[in-house]
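Below is one structure, written out as structure tokens; comments come after it.
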Amino acid sequence: MEDTNSFKEIINVIKRRVNLIILMTLTAALASGIISYLFLSPMYESSTQILVNHSTNSNQAQANDKKSKKDENEANLIDPNQVRTNIELINTYTVLIKSPAIIEKVIDDLSLDASFLDVNDQVTVNTTQNSQVVEIVVQDKDPKAAADIANHIAEVFKQEVGALMSVDNINILAAASEQEPYGALSPDIIRNVMIGFALGMFCAIGTAFLLEYLDPTVRNERDIVYELGIPVIGNIPEIKVSHKRIKNHQTESSGVRIGGRTLDS
């Protein structure tokens with residue numbers, strides 16, 4: 001019974017403060033939309049893909065020349081061990097792509113007005129399990145700059161990895177294009193408005209209960225017992241009388257009835 005009463009009290013508080021709740025919720029949602037649209041800079045994303053394939057060098061070529069025709073045919077087949085080695089190399093390549101040796105050269109070549117940490121935060125390297133494809137993703141306020149940085153990182157990495165690891169197993173599959181982004185990646189105005197709406201409603205309901213707690217108004221006998229500690233002996237119920245009935249009663253009280261007729265006093 002007490003749980004039912006508590007639930008009814010919560011509903012009553014919300015009903016009494018419904019205007020405040022609606023106002024605060026709509027204000028928060030509107031503010032989120034305005035801030036997202038006017039004050040947050042749009043961010044664009046562009047990506048390029050590179051393939052880590054079978055590596056060859058001059059020593060291996062000379063060795064293959066000395067083999068028989070059968071051995072050469074077998075060498076042309078895909079070696080599972082070599083594929084596994086390339087996949088393991090991807091973990092190393094992921095670190096190298098975002099290393100100062102690559103990023104700082106890209107900054108110098110493109111004359112970027114940014115530090116290593118700034119560009120490094122813009123770059124994300126994505127890999128798929130058991131795949132030899134590496135995706136380089138760049139985010140920037142300018143879609144053309146995002147595409148240029150992504151493409152140049154791939155080109156510099158292809159050049160530098162040969163000098164660093166003495167391998168030549170990098171191919172660029174798909175170059176990034178400034179036409180790639182279909183609209184800004186962020187801010188997501190709809191998502192921000194929904195978040196503002198939810199936070200606004202949460203804060204509005206909390207404010208409503210806070211105001212209710214601070215309000216000293218006595219609304220029922222339970223408030224009297226709780227606030228004053230005085231037991232309730234009895235109560236007078238509210239009597240609802242229509243305005244027409246009150247007017248008729250006043251008219252009848254103003255005269256004296258004699259023989260079924262009303263005489264004014």
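Chains: A, B, ... in order of the structure tokens. Residues: from 1 per chain. Ligands: from 1, in order shown.
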
**OP:** Do a neighbour search on A:Tyr37 at 12 Å with only C-alpha atoms, toss out local chain neighbours closer than 6 positions, and write the hits as a list in words.
**Re:**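 Contacts, in chain order: Leu30, Ala31, Ala184, Ser186, Pro187, Asp188, Ile189, Ile190, Asn192 and Val193 of chain A.
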
Subject >> Residue set, stretch 97-253 of chain A restricted to strand (DSSP E), as a list of chain:residue names >> reply: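 So the strand (DSSP E) residues in stretch 97-253 of chain A would be A:Val123, A:Thr124, A:Val125, A:Asn126, A:Thr127, A:Val133, A:Val134, A:Glu135, A:Ile136, A:Val137, A:Val138, A:Gln139, A:Asp140, A:Ile170, A:Asn171, A:Ile172, A:Leu173, A:Ala174.
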
Original post:
Got a sec: who's within 10 Å of stretch 129-141 of chain A, counting only C-alpha atoms, leaving out chain neighbours fewer than 2 positions off, as a PyMOL selection string?
Top reply: chain A and resi 41-53+83-84+86-91+93-94+97-98+119-127+143-151+153-154+170-174+176+184-186

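For the pair atom CA of A:Ala208 and atom CA of A:Val18, the interatomic distance is 8.5 Å.
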